[in-house]
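*Asks:* Pasting in a structure now, in structure tokens, and then I'll have a few things to ask.
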Amino acid sequence: MINILFFARLREEAGQESLHVEKAGCTIKELKEWLDKEYRLSGLNRTMTAVNEEFTTDDTKVTEGDTIAFIPPVSGG
Amino acid sequence: MINILFFARLREEAGQESLHVEKAGCTIKELKEWLDKEYRLSGLNRTMTAVNEEFTTDDTKVTEGDTIAFIPPVSGG
Amino acid sequence: MTMALFEITNQPISADDTAAKVKRPEAGAVVTFAGTVREWTNGRRTRKLQYAAYESMAVRQLEKIGREVQDRWPDTQAAVTHRVGELHITDTAVVIAVSSPHRRAAYEANEYMIERIKELVPIWKKEFYEDGTAWVGDQLGTTAYSKGGPKPHD
Amino acid sequence: MTMALFEITNQPISADDTAAKVKRPEAGAVVTFAGTVREWTNGRRTRKLQYAAYESMAVRQLEKIGREVQDRWPDTQAAVTHRVGELHITDTAVVIAVSSPHRRAAYEANEYMIERIKELVPIWKKEFYEDGTAWVGDQLGTTAYSKGGPKPHD
């Protein structure tokens, strides 16, 4: 199981804060494609991704127990 | 009569905050020379001078009723 | 407010409180930046804002920016408090405080931090206009990241 | 504290109080500078400080610097509070607050103001060291003015 977190616009689109899914072994890219198909989440190509609170790239493979967060363009400050 | 104000080190050297003297018509330069002689104030050549709260130069003539302040190098902030 | 140098809070924040965390006998200068809620942006009126954060990661990123600052300006000490939740016009959303023996470094490090925060820290602002809402920075066609936003593993 | 934008006081001063005077709906940024009493300067330990001012002229000069800032950065609003009297280590001697719609101008104007204050405003600092006292800037041989200090009628 992996834990997926949504924020900002993505959270509103997904209608939920998080998902627990059996997707260990996927790359971030595959995960994005799957979310696009299953949840019709738009603009995932424009989000950064963090694995366990560190930014990472699309070719990273996710591991059992990881927390994956999709980070839309930030606007703090 | 003119009003002369001393600050910081000059105030300590003069032993007073202000002087009222009959010196209208003098230039600032003459005033400094006179103070140097009469009050043994050191370093007047290193002070700025303000007349009525505006910085001015040594060749300015003081007028009856003016307030002359000797401004040692400032160190606020 | 806690004594943590980097924190996210849903309470009102103060420049003095954040500055107090970095004051020290060696410092002669404390520069603070307060980001406040502006009423007008590009001719559009904001009624209020909602700030949301990925809180644990945001604190981690702020700490990382703090380490960058210590590397670049070794004598400085920095603290950041970012508020989340509903904010109104003139409310303070973020305070950055940097102390330093001499002022130049405090100004420089402070400005560096706000730039980095706007790039790297997972906090989002939702604008409530008179005629709609928008998550700032996330409009199609104005993708911040395509213009060289944060790089992974930065 | 009064509501005057430029003031000299013998009471403790606060970044928040001075910043409050310049907050406004058009401003998205408030940069404050706090000058604090440092314990060590050039290897010499300060026990305490005494600040003295030619108060009426100091306020006038601060107002003049405020007008310079409005000329150079028209969208900014500035306020300065300078404390006089006896101050101890880490006490705040001066707070400069500048608000602006966008942050760059607030940083620039703020730094400009502290430079100008150090040149032009008749305020003096007396250091009380462990082994003596000195009016800062007025030591023979280290004349600030010979190195291009304030010019008359500036």
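Residue numbering restarts at 1 for every chain of the structure tokens, chains are lettered A, B, ... in their displayed order, and ligands are numbered from 1 as they appear.
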Return the neighbours of chain C among the residues of chain A, cut-off 8 Å, counting only C-alpha atoms, as a list in words.
*Replies:*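 The complete set of qualifying residues is Phe7, Ala8, Arg9, Arg46, Glu53, Glu54, Phe55, Thr56, Thr57, Ile71, Pro72, Pro73, Val74, Ser75, Gly76 and Gly77 of chain A.
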*Asks:* With 9 Å as the limit and counting only C-alpha atoms, what residues in chain C lie close to chain D? Please list them as JSON, numbers by chain.
*Replies:* {"C": [14, 15, 16, 19, 23, 24, 25, 26, 27, 28, 29, 30, 31, 32, 33, 34, 35, 36, 37, 38, 39, 40, 41, 89, 90, 92, 101, 103, 104, 107, 111]}
*Asks:* Fit chain B to chain A, using all C-alpha atoms paired in sequence order for the least-squares superposition, and then show me the result as an mmCIF file with N, CA and C atoms, in the first residue's frame.
*Replies:*
data_model
loop_
_atom_site.group_PDB
_atom_site.id
_atom_site.type_symbol
_atom_site.label_atom_id
_atom_site.label_comp_id
_atom_site.auth_asym_id
_atom_site.auth_seq_id
_atom_site.Cartn_x
_atom_site.Cartn_y
_atom_site.Cartn_z
ATOM 1 N N MET B 1 0.850 -1.216 0.037
ATOM 2 C CA MET B 1 0.002 -0.024 0.002
ATOM 3 C C MET B 1 0.850 1.247 -0.009
ATOM 4 N N ILE B 2 0.427 2.214 -0.781
ATOM 5 C CA ILE B 2 1.053 3.533 -0.701
ATOM 6 C C ILE B 2 -0.035 4.531 -0.337
ATOM 7 N N ASN B 3 0.432 5.684 0.158
ATOM 8 C CA ASN B 3 -0.478 6.729 0.612
ATOM 9 C C ASN B 3 -0.327 7.923 -0.333
ATOM 10 N N ILE B 4 -1.424 8.353 -0.956
ATOM 11 C CA ILE B 4 -1.357 9.483 -1.889
ATOM 12 C C ILE B 4 -2.076 10.676 -1.280
ATOM 13 N N LEU B 5 -1.402 11.839 -1.300
ATOM 14 C CA LEU B 5 -2.001 13.054 -0.734
ATOM 15 C C LEU B 5 -2.305 14.063 -1.830
ATOM 16 N N PHE B 6 -3.475 14.697 -1.701
ATOM 17 C CA PHE B 6 -3.860 15.760 -2.640
ATOM 18 C C PHE B 6 -3.953 17.083 -1.903
ATOM 19 N N PHE B 7 -3.601 18.157 -2.610
ATOM 20 C CA PHE B 7 -3.675 19.481 -2.003
ATOM 21 C C PHE B 7 -4.312 20.479 -2.964
ATOM 22 N N ALA B 8 -4.821 21.569 -2.375
ATOM 23 C CA ALA B 8 -5.308 22.726 -3.122
ATOM 24 C C ALA B 8 -6.338 22.279 -4.174
ATOM 25 N N ARG B 9 -6.169 22.735 -5.421
ATOM 26 C CA ARG B 9 -7.141 22.406 -6.455
ATOM 27 C C ARG B 9 -7.312 20.902 -6.626
ATOM 28 N N LEU B 10 -6.207 20.167 -6.546
ATOM 29 C CA LEU B 10 -6.294 18.716 -6.732
ATOM 30 C C LEU B 10 -7.160 18.056 -5.666
ATOM 31 N N ARG B 11 -7.077 18.565 -4.448
ATOM 32 C CA ARG B 11 -7.901 18.007 -3.371
ATOM 33 C C ARG B 11 -9.387 18.238 -3.678
ATOM 34 N N GLU B 12 -9.682 19.441 -4.189
ATOM 35 C CA GLU B 12 -11.080 19.745 -4.525
ATOM 36 C C GLU B 12 -11.561 18.854 -5.674
ATOM 37 N N GLU B 13 -10.702 18.669 -6.678
ATOM 38 C CA GLU B 13 -11.081 17.830 -7.816
ATOM 39 C C GLU B 13 -11.255 16.368 -7.416
ATOM 40 N N ALA B 14 -10.332 15.886 -6.581
ATOM 41 C CA ALA B 14 -10.394 14.482 -6.176
ATOM 42 C C ALA B 14 -11.537 14.241 -5.194
ATOM 43 N N GLY B 15 -11.928 15.320 -4.505
ATOM 44 C CA GLY B 15 -12.996 15.161 -3.516
ATOM 45 C C GLY B 15 -12.525 14.428 -2.268
ATOM 46 N N GLN B 16 -11.227 14.272 -2.141
ATOM 47 C CA GLN B 16 -10.684 13.625 -0.937
ATOM 48 C C GLN B 16 -9.239 14.081 -0.699
ATOM 49 N N GLU B 17 -8.823 13.895 0.539
ATOM 50 C CA GLU B 17 -7.490 14.338 0.930
ATOM 51 C C GLU B 17 -6.424 13.314 0.597
ATOM 52 N N SER B 18 -6.816 12.045 0.649
ATOM 53 C CA SER B 18 -5.798 11.005 0.451
ATOM 54 C C SER B 18 -6.422 9.722 -0.086
ATOM 55 N N LEU B 19 -5.564 8.910 -0.648
ATOM 56 C CA LEU B 19 -5.945 7.583 -1.152
ATOM 57 C C LEU B 19 -4.954 6.558 -0.612
ATOM 58 N N HIS B 20 -5.449 5.384 -0.271
ATOM 59 C CA HIS B 20 -4.541 4.278 0.028
ATOM 60 C C HIS B 20 -4.728 3.253 -1.082
ATOM 61 N N VAL B 21 -3.667 3.016 -1.830
ATOM 62 C CA VAL B 21 -3.813 2.104 -2.967
ATOM 63 C C VAL B 21 -2.619 1.157 -3.070
ATOM 64 N N GLU B 22 -2.850 0.041 -3.762
ATOM 65 C CA GLU B 22 -1.806 -0.977 -3.972
ATOM 66 C C GLU B 22 -1.022 -0.613 -5.218
ATOM 67 N N LYS B 23 -0.114 0.346 -5.101
ATOM 68 C CA LYS B 23 0.598 0.790 -6.299
ATOM 69 C C LYS B 23 2.118 0.802 -6.093
ATOM 70 N N ALA B 24 2.592 0.179 -5.074
ATOM 71 C CA ALA B 24 4.046 0.075 -4.884
ATOM 72 C C ALA B 24 4.653 -0.540 -6.147
ATOM 73 N N GLY B 25 5.810 -0.044 -6.563
ATOM 74 C CA GLY B 25 6.454 -0.557 -7.770
ATOM 75 C C GLY B 25 6.235 0.322 -8.979
ATOM 76 N N CYS B 26 5.161 1.086 -8.997
ATOM 77 C CA CYS B 26 4.918 2.046 -10.091
ATOM 78 C C CYS B 26 5.964 3.155 -10.064
ATOM 79 N N THR B 27 6.152 3.813 -11.211
ATOM 80 C CA THR B 27 6.878 5.091 -11.195
ATOM 81 C C THR B 27 5.851 6.195 -10.945
ATOM 82 N N ILE B 28 6.358 7.376 -10.621
ATOM 83 C CA ILE B 28 5.477 8.541 -10.420
ATOM 84 C C ILE B 28 4.704 8.809 -11.719
ATOM 85 N N LYS B 29 5.383 8.669 -12.837
ATOM 86 C CA LYS B 29 4.745 8.911 -14.131
ATOM 87 C C LYS B 29 3.554 7.966 -14.322
ATOM 88 N N GLU B 30 3.753 6.695 -14.022
ATOM 89 C CA GLU B 30 2.663 5.721 -14.158
ATOM 90 C C GLU B 30 1.515 6.037 -13.202
ATOM 91 N N LEU B 31 1.897 6.475 -12.014
ATOM 92 C CA LEU B 31 0.886 6.836 -11.015
ATOM 93 C C LEU B 31 0.032 8.009 -11.512
ATOM 94 N N LYS B 32 0.701 8.981 -12.115
ATOM 95 C CA LYS B 32 -0.026 10.140 -12.639
ATOM 96 C C LYS B 32 -0.992 9.717 -13.739
ATOM 97 N N GLU B 33 -0.520 8.851 -14.630
ATOM 98 C CA GLU B 33 -1.373 8.393 -15.737
ATOM 99 C C GLU B 33 -2.594 7.637 -15.195
ATOM 100 N N TRP B 34 -2.337 6.822 -14.177
ATOM 101 C CA TRP B 34 -3.430 6.048 -13.587
ATOM 102 C C TRP B 34 -4.465 6.975 -12.916
ATOM 103 N N LEU B 35 -3.948 7.986 -12.176
ATOM 104 C CA LEU B 35 -4.858 8.925 -11.498
ATOM 105 C C LEU B 35 -5.664 9.734 -12.505
ATOM 106 N N ASP B 36 -5.007 10.105 -13.598
ATOM 107 C CA ASP B 36 -5.666 10.853 -14.656
ATOM 108 C C ASP B 36 -6.845 10.037 -15.205
ATOM 109 N N LYS B 37 -6.594 8.743 -15.435
ATOM 110 C CA LYS B 37 -7.628 7.869 -15.987
ATOM 111 C C LYS B 37 -8.751 7.606 -14.968
ATOM 112 N N GLU B 38 -8.360 7.205 -13.761
ATOM 113 C CA GLU B 38 -9.336 6.756 -12.754
ATOM 114 C C GLU B 38 -10.100 7.910 -12.111
ATOM 115 N N TYR B 39 -9.391 9.029 -11.865
ATOM 116 C CA TYR B 39 -9.998 10.116 -11.089
ATOM 117 C C TYR B 39 -10.195 11.395 -11.888
ATOM 118 N N ARG B 40 -9.819 11.351 -13.171
ATOM 119 C CA ARG B 40 -9.971 12.535 -14.028
ATOM 120 C C ARG B 40 -9.363 13.787 -13.382
ATOM 121 N N LEU B 41 -8.166 13.622 -12.852
ATOM 122 C CA LEU B 41 -7.485 14.777 -12.250
ATOM 123 C C LEU B 41 -6.729 15.517 -13.339
ATOM 124 N N SER B 42 -7.036 16.794 -13.501
ATOM 125 C CA SER B 42 -6.424 17.561 -14.585
ATOM 126 C C SER B 42 -5.110 18.188 -14.132
ATOM 127 N N GLY B 43 -4.270 18.406 -15.074
ATOM 128 C CA GLY B 43 -3.040 19.155 -14.795
ATOM 129 C C GLY B 43 -2.031 18.446 -13.923
ATOM 130 N N LEU B 44 -2.091 17.115 -13.854
ATOM 131 C CA LEU B 44 -1.082 16.406 -13.048
ATOM 132 C C LEU B 44 0.307 16.582 -13.642
ATOM 133 N N ASN B 45 0.350 16.822 -14.949
ATOM 134 C CA ASN B 45 1.639 17.087 -15.590
ATOM 135 C C ASN B 45 2.253 18.409 -15.104
ATOM 136 N N ARG B 46 1.434 19.254 -14.491
ATOM 137 C CA ARG B 46 1.952 20.523 -13.984
ATOM 138 C C ARG B 46 2.260 20.480 -12.485
ATOM 139 N N THR B 47 2.076 19.346 -11.874
ATOM 140 C CA THR B 47 2.364 19.292 -10.437
ATOM 141 C C THR B 47 3.750 18.715 -10.190
ATOM 142 N N MET B 48 4.349 19.194 -9.131
ATOM 143 C CA MET B 48 5.546 18.561 -8.590
ATOM 144 C C MET B 48 5.084 17.361 -7.779
ATOM 145 N N THR B 49 6.028 16.488 -7.492
ATOM 146 C CA THR B 49 5.699 15.346 -6.664
ATOM 147 C C THR B 49 6.697 15.241 -5.520
ATOM 148 N N ALA B 50 6.190 14.933 -4.356
ATOM 149 C CA ALA B 50 7.075 14.678 -3.216
ATOM 150 C C ALA B 50 6.856 13.245 -2.759
ATOM 151 N N VAL B 51 7.936 12.534 -2.522
ATOM 152 C CA VAL B 51 7.845 11.222 -1.899
ATOM 153 C C VAL B 51 8.446 11.349 -0.500
ATOM 154 N N ASN B 52 7.643 11.015 0.490
ATOM 155 C CA ASN B 52 8.063 11.140 1.889
ATOM 156 C C ASN B 52 8.637 12.528 2.181
ATOM 157 N N GLU B 53 7.899 13.531 1.671
ATOM 158 C CA GLU B 53 8.174 14.944 1.959
ATOM 159 C C GLU B 53 9.423 15.512 1.288
ATOM 160 N N GLU B 54 9.961 14.806 0.302
ATOM 161 C CA GLU B 54 11.068 15.361 -0.482
ATOM 162 C C GLU B 54 10.656 15.391 -1.946
ATOM 163 N N PHE B 55 10.929 16.524 -2.619
ATOM 164 C CA PHE B 55 10.605 16.607 -4.040
ATOM 165 C C PHE B 55 11.333 15.516 -4.810
ATOM 166 N N THR B 56 10.681 14.993 -5.833
ATOM 167 C CA THR B 56 11.304 13.939 -6.610
ATOM 168 C C THR B 56 10.870 14.066 -8.066
ATOM 169 N N THR B 57 11.367 13.161 -8.902
ATOM 170 C CA THR B 57 11.091 13.256 -10.342
ATOM 171 C C THR B 57 10.143 12.153 -10.799
ATOM 172 N N ASP B 58 9.648 12.303 -12.040
ATOM 173 C CA ASP B 58 8.628 11.391 -12.573
ATOM 174 C C ASP B 58 9.098 9.949 -12.713
ATOM 175 N N ASP B 59 10.402 9.748 -12.840
ATOM 176 C CA ASP B 59 10.877 8.372 -13.035
ATOM 177 C C ASP B 59 11.171 7.621 -11.730
ATOM 178 N N THR B 60 10.939 8.294 -10.622
ATOM 179 C CA THR B 60 11.129 7.626 -9.321
ATOM 180 C C THR B 60 10.111 6.495 -9.157
ATOM 181 N N LYS B 61 10.578 5.379 -8.623
ATOM 182 C CA LYS B 61 9.684 4.242 -8.330
ATOM 183 C C LYS B 61 9.209 4.351 -6.894
ATOM 184 N N VAL B 62 7.924 4.120 -6.687
ATOM 185 C CA VAL B 62 7.426 4.205 -5.312
ATOM 186 C C VAL B 62 7.499 2.834 -4.647
ATOM 187 N N THR B 63 7.710 2.898 -3.346
ATOM 188 C CA THR B 63 7.970 1.700 -2.552
ATOM 189 C C THR B 63 6.840 1.519 -1.544
ATOM 190 N N GLU B 64 6.579 0.297 -1.193
ATOM 191 C CA GLU B 64 5.585 -0.024 -0.169
ATOM 192 C C GLU B 64 5.727 0.921 1.044
ATOM 193 N N GLY B 65 4.616 1.530 1.436
ATOM 194 C CA GLY B 65 4.646 2.400 2.624
ATOM 195 C C GLY B 65 4.970 3.863 2.336
ATOM 196 N N ASP B 66 5.344 4.182 1.089
ATOM 197 C CA ASP B 66 5.671 5.571 0.748
ATOM 198 C C ASP B 66 4.437 6.479 0.830
ATOM 199 N N THR B 67 4.707 7.745 1.130
ATOM 200 C CA THR B 67 3.666 8.767 1.036
ATOM 201 C C THR B 67 3.987 9.665 -0.153
ATOM 202 N N ILE B 68 3.080 9.673 -1.124
ATOM 203 C CA ILE B 68 3.287 10.462 -2.343
ATOM 204 C C ILE B 68 2.354 11.669 -2.308
ATOM 205 N N ALA B 69 2.929 12.869 -2.447
ATOM 206 C CA ALA B 69 2.092 14.073 -2.457
ATOM 207 C C ALA B 69 2.218 14.769 -3.801
ATOM 208 N N PHE B 70 1.079 15.134 -4.360
ATOM 209 C CA PHE B 70 1.087 15.928 -5.591
ATOM 210 C C PHE B 70 0.954 17.390 -5.205
ATOM 211 N N ILE B 71 1.933 18.173 -5.677
ATOM 212 C CA ILE B 71 2.119 19.550 -5.215
ATOM 213 C C ILE B 71 1.814 20.498 -6.369
ATOM 214 N N PRO B 72 0.622 21.036 -6.430
ATOM 215 C CA PRO B 72 0.356 22.040 -7.470
ATOM 216 C C PRO B 72 1.275 23.248 -7.245
ATOM 217 N N PRO B 73 1.428 24.092 -8.257
ATOM 218 C CA PRO B 73 2.289 25.274 -8.098
ATOM 219 C C PRO B 73 2.005 25.962 -6.757
ATOM 220 N N VAL B 74 3.040 26.157 -5.977
ATOM 221 C CA VAL B 74 2.858 26.709 -4.635
ATOM 222 C C VAL B 74 2.640 28.221 -4.701
ATOM 223 N N SER B 75 1.981 28.759 -3.702
ATOM 224 C CA SER B 75 1.710 30.204 -3.700
ATOM 225 C C SER B 75 1.686 30.762 -2.287
ATOM 226 N N GLY B 76 2.566 30.226 -1.446
ATOM 227 C CA GLY B 76 2.681 30.762 -0.095
ATOM 228 C C GLY B 76 3.492 32.051 -0.083
ATOM 229 N N GLY B 77 3.697 32.572 1.105
ATOM 230 C CA GLY B 77 4.507 33.786 1.247
ATOM 231 C C GLY B 77 3.661 35.016 1.215
#
*Asks:* Would you mind writing down, as a list of chain:residue names, each residue of region 5-76 of chain B that DSSP on the backbone assigns to strand (DSSP E or B)?
*Replies:*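 Residues of region 5-76 of chain B classed as strand (DSSP E or B): B:Leu5, B:Ser18, B:Leu19, B:His20, B:Val21, B:Thr27, B:Met48, B:Thr49, B:Ala50, B:Val51, B:Glu54, B:Phe55, B:Thr56, B:Lys61, B:Thr67, B:Ile68, B:Ala69, B:Phe70, B:Ile71.
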*Asks:* Measure the distance from CA of Lys21 (chain D) to CA of Thr2 (chain D) in Å and round it to one decimal.
*Replies:*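 One can read the CA of Lys21 (chain D) to CA of Thr2 (chain D) distance as 9.8 Å.
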*Asks:* Using DSSP on the backbone coordinates, identify all residues within chain B classified as helix (DSSP H, G or I); present the result as a list of chain:residue names.
*Replies:* B:Ala8, B:Arg9, B:Leu10, B:Arg11, B:Glu12, B:Glu13, B:Ala14, B:Ile28, B:Lys29, B:Glu30, B:Leu31, B:Lys32, B:Glu33, B:Trp34, B:Leu35, B:Asp36, B:Lys37, B:Glu38, B:Tyr39, B:Leu44, B:Asn45, B:Arg46
*Asks:* Pick out the residues sitting within 8 Å of Ala109 (chain D), and hand them over as a PyMOL selection string; count only C-alpha atoms, and ignore anything fewer than 6 positions along from it in its own chain.
*Replies:* chain D and resi 69+73+76+98
*Asks:* Next, the residues of the selection above should be written as a PDB file, in the first residue's frame with N, CA, C and O atoms.
*Replies:*
ATOM      1  N   VAL D  69      12.223  59.102   0.280  1.00  0.00           N
ATOM      2  CA  VAL D  69      11.786  57.741  -0.047  1.00  0.00           C
ATOM      3  C   VAL D  69      10.533  57.771  -0.922  1.00  0.00           C
ATOM      4  O   VAL D  69      10.432  57.019  -1.894  1.00  0.00           O
ATOM      5  N   TRP D  73      10.596  55.911  -4.374  1.00  0.00           N
ATOM      6  CA  TRP D  73       9.735  54.723  -4.450  1.00  0.00           C
ATOM      7  C   TRP D  73       8.306  55.177  -4.150  1.00  0.00           C
ATOM      8  O   TRP D  73       7.827  55.055  -3.020  1.00  0.00           O
ATOM      9  N   THR D  76       5.627  53.466  -1.816  1.00  0.00           N
ATOM     10  CA  THR D  76       5.916  53.016  -0.453  1.00  0.00           C
ATOM     11  C   THR D  76       5.344  53.977   0.593  1.00  0.00           C
ATOM     12  O   THR D  76       5.041  55.130   0.301  1.00  0.00           O
ATOM     13  N   VAL D  98       8.662  49.839   6.272  1.00  0.00           N
ATOM     14  CA  VAL D  98       8.268  50.323   4.946  1.00  0.00           C
ATOM     15  C   VAL D  98       7.278  49.334   4.343  1.00  0.00           C
ATOM     16  O   VAL D  98       7.560  48.138   4.268  1.00  0.00           O
TER      17      VAL D  98
END
